[in-house]
Amino acid sequence: MGHPGSLLQLRGMSEEALRGLLGRAREIATGTGQAAKQEEKLVACVFLEDSTRTRVSFAVAAGRLGARVVEVQSSNSSVRKGESLADTVRTVESLGADAIVLRASGSGSSHAAARAVGVPVINAGDGRHEHPTQGLIDCLTLCEAKGREDFDLRGVRIAIVGDVVSSRVARSAIAGMTALGAGVVCVGPATMAPDGLAALGCEVSRDFDAVVGDVDAVMMLRVQFERHGNGDGHGAHGKAGEGGQDARADRPPAAPIGSVREFRAGYGLTAERAARMREGAVVMHPGPMNRGLEIDGEVADGARSLVRRQVALGVAVRMAVIGRALQSKAGAGT
Ligand code: CP
């Protein structure tokens, strides 16, 4: 479906394609491989939901490839007048975009956009569905930290903790990391880490204290207060199901945590909990962080933390993904 250069999700991606993208990103990050210049190309970054690191790193990545970048944001575009997602991306395509990077609050928006246009669409996060470039960053960061140069994560166990049900990052990370052989355990209260997550190929636990000393990495997730209770409702592009990837079955209840204090006590990566992690175990967080809620500031900034490395690797990963998109030909298949 759509252009073969699109990247809509990691779930279902072949191991070969996954390792290929990670390898390309590592070459770029380490300076061991040249990225082909894309000087005649135009990349449209359509961000219909707030973002700092994804939006900026896509723009930096496209710029490093020599491509021109045009940014569309909901705050100053015709989206505010009610223009549909399909009409928005078709308009950008008609204006000459060679690839479209899309962030939108509707789960499956990237699939809907990919069906509407003939150029590659890169999913920069769509509702609760997936955030595949963040998933690639998290896989690359974990492989680098564990010295897995072959991108083989067998024997590595990672806990993904907190508001899993709201998290497109978690879905992409679970897909990517399990495909590379890692063991993944999702940890949280039943309202945030329901047993049904096991269908994604991970374990599910309610007991962070039992898990924290038994894993090689802990990736904390932001508690997404804005997604609790009202589904994907964020204006014209906020309706789940536009792309047939409706996540309503996973929608958390209106009050998934009793209180901030209760959540932190059970599921926060406090300094005391982090001290019980294995020697060499690492801390990750895709950001943005709620310091003092899901993670203590001293842990986020501590010796185990890879948070800033995750952000830094975002440019190389997005250069690899944009490069793949711009080099692929419609109908060529990948
Ligand atoms: N990790 C992530 O998607 O962050 P932003 O929302 O700042 O892009």
# chains A, B, ... in the order shown; residues from 1 in each chain; ligands from 1
$ residues_around --residues "Val43 (chain A)" --least-positions-apart "5" --cutoff "6 Å" --atoms "only C-alpha atoms" --output "PyMOL selection string"
chain A and resi 69+97-100
$ select_by_dssp --residues "region 30-211 of chain A" --states "helix (DSSP H, G or I)" --output "PyMOL selection string"
chain A and resi 30+53-64+74-76+78-81+85-94+109-116+132-145+164-166+168-179+195-200+208-211
$ write_last_selection --atoms "C-alpha atoms" --output "PDB file, in the first residue's frame"
ATOM      1  CA  THR A  30      29.809   7.091  13.123  1.00  0.00           C
ATOM      2  CA  ARG A  53      12.872  16.510  18.999  1.00  0.00           C
ATOM      3  CA  THR A  54      11.150  14.719  16.107  1.00  0.00           C
ATOM      4  CA  ARG A  55      10.291  17.900  14.196  1.00  0.00           C
ATOM      5  CA  VAL A  56      13.703  19.476  14.666  1.00  0.00           C
ATOM      6  CA  SER A  57      15.678  16.318  13.953  1.00  0.00           C
ATOM      7  CA  PHE A  58      13.763  15.612  10.722  1.00  0.00           C
ATOM      8  CA  ALA A  59      14.496  19.160   9.584  1.00  0.00           C
ATOM      9  CA  VAL A  60      18.174  18.831  10.562  1.00  0.00           C
ATOM     10  CA  ALA A  61      18.392  15.424   8.856  1.00  0.00           C
ATOM     11  CA  ALA A  62      16.830  16.643   5.603  1.00  0.00           C
ATOM     12  CA  GLY A  63      19.089  19.692   5.660  1.00  0.00           C
ATOM     13  CA  ARG A  64      22.211  17.539   6.145  1.00  0.00           C
ATOM     14  CA  SER A  74      -1.683  22.965  12.366  1.00  0.00           C
ATOM     15  CA  SER A  75      -1.406  26.298  14.176  1.00  0.00           C
ATOM     16  CA  ASN A  76      -0.922  28.342  11.004  1.00  0.00           C
ATOM     17  CA  SER A  78      -5.625  25.513   6.581  1.00  0.00           C
ATOM     18  CA  VAL A  79      -6.048  22.575   8.935  1.00  0.00           C
ATOM     19  CA  ARG A  80      -7.487  25.209  11.271  1.00  0.00           C
ATOM     20  CA  LYS A  81     -10.146  25.883   8.636  1.00  0.00           C
ATOM     21  CA  LEU A  85      -5.740  15.192   6.232  1.00  0.00           C
ATOM     22  CA  ALA A  86      -5.991  13.779   2.701  1.00  0.00           C
ATOM     23  CA  ASP A  87      -6.457  17.229   1.182  1.00  0.00           C
ATOM     24  CA  THR A  88      -3.586  18.609   3.254  1.00  0.00           C
ATOM     25  CA  VAL A  89      -1.056  16.005   2.101  1.00  0.00           C
ATOM     26  CA  ARG A  90      -2.324  16.121  -1.518  1.00  0.00           C
ATOM     27  CA  THR A  91      -1.840  19.904  -1.464  1.00  0.00           C
ATOM     28  CA  VAL A  92       1.718  19.511  -0.223  1.00  0.00           C
ATOM     29  CA  GLU A  93       2.379  16.890  -2.906  1.00  0.00           C
ATOM     30  CA  SER A  94       0.979  19.214  -5.602  1.00  0.00           C
ATOM     31  CA  SER A 109      -3.225   8.837   9.989  1.00  0.00           C
ATOM     32  CA  SER A 110       0.020   7.887   8.285  1.00  0.00           C
ATOM     33  CA  HIS A 111      -1.669   4.999   6.469  1.00  0.00           C
ATOM     34  CA  ALA A 112      -4.475   7.307   5.350  1.00  0.00           C
ATOM     35  CA  ALA A 113      -1.958   9.860   4.089  1.00  0.00           C
ATOM     36  CA  ALA A 114       0.058   7.201   2.269  1.00  0.00           C
ATOM     37  CA  ARG A 115      -3.072   6.109   0.429  1.00  0.00           C
ATOM     38  CA  ALA A 116      -3.819   9.700  -0.593  1.00  0.00           C
ATOM     39  CA  PRO A 132       8.735   4.081  13.792  1.00  0.00           C
ATOM     40  CA  THR A 133      11.726   6.428  13.614  1.00  0.00           C
ATOM     41  CA  GLN A 134      11.682   6.688  17.435  1.00  0.00           C
ATOM     42  CA  GLY A 135      11.548   2.888  17.558  1.00  0.00           C
ATOM     43  CA  LEU A 136      14.617   2.719  15.308  1.00  0.00           C
ATOM     44  CA  ILE A 137      16.408   5.226  17.541  1.00  0.00           C
ATOM     45  CA  ASP A 138      15.609   3.132  20.600  1.00  0.00           C
ATOM     46  CA  CYS A 139      16.811  -0.082  18.918  1.00  0.00           C
ATOM     47  CA  LEU A 140      20.017   1.594  17.735  1.00  0.00           C
ATOM     48  CA  THR A 141      20.673   3.112  21.165  1.00  0.00           C
ATOM     49  CA  LEU A 142      20.165  -0.225  22.912  1.00  0.00           C
ATOM     50  CA  CYS A 143      22.359  -2.104  20.410  1.00  0.00           C
ATOM     51  CA  GLU A 144      25.101   0.499  20.795  1.00  0.00           C
ATOM     52  CA  ALA A 145      24.936   0.409  24.602  1.00  0.00           C
ATOM     53  CA  VAL A 164       2.301   1.768  27.559  1.00  0.00           C
ATOM     54  CA  VAL A 165      -1.256   1.784  26.271  1.00  0.00           C
ATOM     55  CA  SER A 166      -1.016   5.443  25.238  1.00  0.00           C
ATOM     56  CA  ARG A 168       3.094   4.805  19.968  1.00  0.00           C
ATOM     57  CA  VAL A 169       6.781   4.765  20.927  1.00  0.00           C
ATOM     58  CA  ALA A 170       6.249   1.583  22.925  1.00  0.00           C
ATOM     59  CA  ARG A 171       4.484  -0.134  20.012  1.00  0.00           C
ATOM     60  CA  SER A 172       7.355   0.656  17.654  1.00  0.00           C
ATOM     61  CA  ALA A 173      10.007  -0.265  20.227  1.00  0.00           C
ATOM     62  CA  ILE A 174       8.315  -3.583  21.014  1.00  0.00           C
ATOM     63  CA  ALA A 175       8.068  -4.416  17.289  1.00  0.00           C
ATOM     64  CA  GLY A 176      11.682  -3.481  16.572  1.00  0.00           C
ATOM     65  CA  MET A 177      13.310  -4.923  19.676  1.00  0.00           C
ATOM     66  CA  THR A 178      11.469  -8.247  19.581  1.00  0.00           C
ATOM     67  CA  ALA A 179      12.294  -8.590  15.874  1.00  0.00           C
ATOM     68  CA  ASP A 195      -2.612  -8.036  29.682  1.00  0.00           C
ATOM     69  CA  GLY A 196      -3.598  -7.809  25.997  1.00  0.00           C
ATOM     70  CA  LEU A 197      -0.217  -6.227  25.244  1.00  0.00           C
ATOM     71  CA  ALA A 198       1.181  -9.763  25.350  1.00  0.00           C
ATOM     72  CA  ALA A 199      -0.248 -10.168  21.841  1.00  0.00           C
ATOM     73  CA  LEU A 200       2.566  -7.871  20.677  1.00  0.00           C
ATOM     74  CA  PHE A 208       8.211  -2.906  38.787  1.00  0.00           C
ATOM     75  CA  ASP A 209      10.172  -3.753  41.910  1.00  0.00           C
ATOM     76  CA  ALA A 210      10.339  -7.394  40.866  1.00  0.00           C
ATOM     77  CA  VAL A 211      11.529  -6.463  37.359  1.00  0.00           C
TER      78      VAL A 211
END
$ atom_distance --atom1 "CA of Lys41 (chain A)" --atom2 "CA of Val70 (chain A)"
11.0 Å
$ residues_around --residues "Arg24 (chain A)" --least-positions-apart "6" --cutoff "10 Å" --atoms "only C-alpha atoms" --output "PDB file with N, CA and C atoms, in the first residue's frame"
ATOM      1  N   THR A  32      31.211   6.496   9.127  1.00  0.00           N
ATOM      2  CA  THR A  32      31.863   5.451   8.326  1.00  0.00           C
ATOM      3  C   THR A  32      31.214   5.283   6.956  1.00  0.00           C
ATOM      4  N   GLY A  33      30.117   5.982   6.737  1.00  0.00           N
ATOM      5  CA  GLY A  33      29.448   5.888   5.434  1.00  0.00           C
ATOM      6  C   GLY A  33      28.950   7.257   5.005  1.00  0.00           C
ATOM      7  N   GLN A  34      29.017   7.515   3.733  1.00  0.00           N
ATOM      8  CA  GLN A  34      28.545   8.789   3.183  1.00  0.00           C
ATOM      9  C   GLN A  34      27.049   8.698   2.914  1.00  0.00           C
ATOM     10  N   ALA A  35      26.343   9.768   3.214  1.00  0.00           N
ATOM     11  CA  ALA A  35      24.922   9.830   2.852  1.00  0.00           C
ATOM     12  C   ALA A  35      24.798  10.516   1.498  1.00  0.00           C
ATOM     13  N   ALA A 316      20.773  10.849  12.676  1.00  0.00           N
ATOM     14  CA  ALA A 316      21.282   9.799  11.788  1.00  0.00           C
ATOM     15  C   ALA A 316      20.167   8.856  11.336  1.00  0.00           C
ATOM     16  N   VAL A 317      19.310   8.476  12.276  1.00  0.00           N
ATOM     17  CA  VAL A 317      18.195   7.585  11.913  1.00  0.00           C
ATOM     18  C   VAL A 317      17.309   8.259  10.870  1.00  0.00           C
ATOM     19  N   MET A 319      18.094  10.681   8.800  1.00  0.00           N
ATOM     20  CA  MET A 319      18.811  10.787   7.518  1.00  0.00           C
ATOM     21  C   MET A 319      18.701   9.466   6.758  1.00  0.00           C
ATOM     22  N   ALA A 320      18.850   8.353   7.467  1.00  0.00           N
ATOM     23  CA  ALA A 320      18.752   7.042   6.804  1.00  0.00           C
ATOM     24  C   ALA A 320      17.351   6.827   6.235  1.00  0.00           C
ATOM     25  N   VAL A 321      16.345   7.214   7.001  1.00  0.00           N
ATOM     26  CA  VAL A 321      14.952   6.980   6.573  1.00  0.00           C
ATOM     27  C   VAL A 321      14.575   7.914   5.418  1.00  0.00           C
ATOM     28  N   GLY A 323      16.687   9.292   3.317  1.00  0.00           N
ATOM     29  CA  GLY A 323      17.474   8.847   2.165  1.00  0.00           C
ATOM     30  C   GLY A 323      16.827   7.663   1.468  1.00  0.00           C
ATOM     31  N   ARG A 324      16.384   6.699   2.259  1.00  0.00           N
ATOM     32  CA  ARG A 324      15.697   5.528   1.684  1.00  0.00           C
ATOM     33  C   ARG A 324      14.437   5.959   0.945  1.00  0.00           C
TER      34      ARG A 324
END
$ select_by_dssp --residues "region 26-68 of chain A" --states "strand (DSSP E)" --output "ChimeraX atom specification"
/A:42-47,68
$ residues_around --residues "region 262-268 of chain A" --least-positions-apart "6" --cutoff "7 Å" --atoms "only C-alpha atoms" --output "list in words"
Gly162, Gly188, Phe208, Leu293, Glu294 and Ile295 of chain A
$ write_last_selection --atoms "N, CA, C and O atoms" --output "CSV table (one decimal), in the first residue's frame"
chain,number,residue,atom,x,y,z
A,162,GLY,N,5.3,2.1,32.3
A,162,GLY,CA,4.4,3.2,32.6
A,162,GLY,C,3.2,3.2,31.6
A,162,GLY,O,2.5,2.2,31.6
A,188,GLY,N,3.4,-1.9,34.3
A,188,GLY,CA,2.5,-0.8,34.6
A,188,GLY,C,1.2,-1.3,35.3
A,188,GLY,O,1.0,-2.5,35.3
A,208,PHE,N,7.0,-3.5,39.2
A,208,PHE,CA,8.2,-2.9,38.8
A,208,PHE,C,9.4,-3.3,39.7
A,208,PHE,O,10.5,-3.5,39.2
A,293,LEU,N,7.9,12.5,38.0
A,293,LEU,CA,6.7,11.6,37.9
A,293,LEU,C,7.2,10.2,37.5
A,293,LEU,O,7.5,9.4,38.3
A,294,GLU,N,7.4,10.0,36.2
A,294,GLU,CA,7.8,8.6,35.7
A,294,GLU,C,9.3,8.5,35.9
A,294,GLU,O,9.8,7.3,36.0
A,295,ILE,N,10.1,9.6,36.1
A,295,ILE,CA,11.5,9.4,36.2
A,295,ILE,C,12.0,10.6,37.1
A,295,ILE,O,11.6,11.8,36.9
$ atom_distance --atom1 "CA of Ala104 (chain A)" --atom2 "CA of Gln224 (chain A)"
15.3 Å
$ residues_around --residues "Asp296 (chain A)" --least-positions-apart "3" --cutoff "8 Å" --atoms "only C-alpha atoms" --output "PyMOL selection string"
chain A and resi 268-271+291-293+299-300
$ atom_distance --atom1 "CA of Gly258 (chain A)" --atom2 "CA of Arg227 (chain A)"
15.9 Å
$ closest_residue --among "A:Thr52, A:Ser259, A:Ser205, A:Gln310" --to "ligand 1" --atoms "only C-alpha atoms and all ligand atoms"
A:Thr52
$ residues_around --residues "region 212-218 of chain A" --least-positions-apart "5" --cutoff "7 Å" --atoms "only C-alpha atoms" --output "number ranges by chain"
A: 156-160, 276-278, 281-284
$ write_last_selection --atoms "C-alpha atoms" --output "PDB file, in the first residue's frame"
ATOM      1  CA  VAL A 156      19.048  -8.697  26.210  1.00  0.00           C
ATOM      2  CA  ARG A 157      15.977  -7.969  28.333  1.00  0.00           C
ATOM      3  CA  ILE A 158      14.363  -4.537  28.490  1.00  0.00           C
ATOM      4  CA  ALA A 159      11.502  -3.247  30.632  1.00  0.00           C
ATOM      5  CA  ILE A 160       9.202  -0.654  29.043  1.00  0.00           C
ATOM      6  CA  ARG A 276      18.723  -1.527  42.355  1.00  0.00           C
ATOM      7  CA  MET A 277      19.342  -1.919  38.624  1.00  0.00           C
ATOM      8  CA  ARG A 278      21.944  -4.414  37.441  1.00  0.00           C
ATOM      9  CA  ALA A 281      22.003  -1.696  32.965  1.00  0.00           C
ATOM     10  CA  VAL A 282      20.939   1.473  31.172  1.00  0.00           C
ATOM     11  CA  VAL A 283      18.083   3.962  31.430  1.00  0.00           C
ATOM     12  CA  MET A 284      16.195   5.227  28.396  1.00  0.00           C
TER      13      MET A 284
END
$ closest_residue --among "A:Val204, A:Val307, A:Ala275, A:Val72" --to "ligand 1" --atoms "only C-alpha atoms and all ligand atoms"
A:Val307
$ closest_residue --among "A:Val46, A:Val119, A:Leu65, A:Leu326" --to "Ser105 (chain A)" --atoms "only C-alpha atoms"
A:Val46
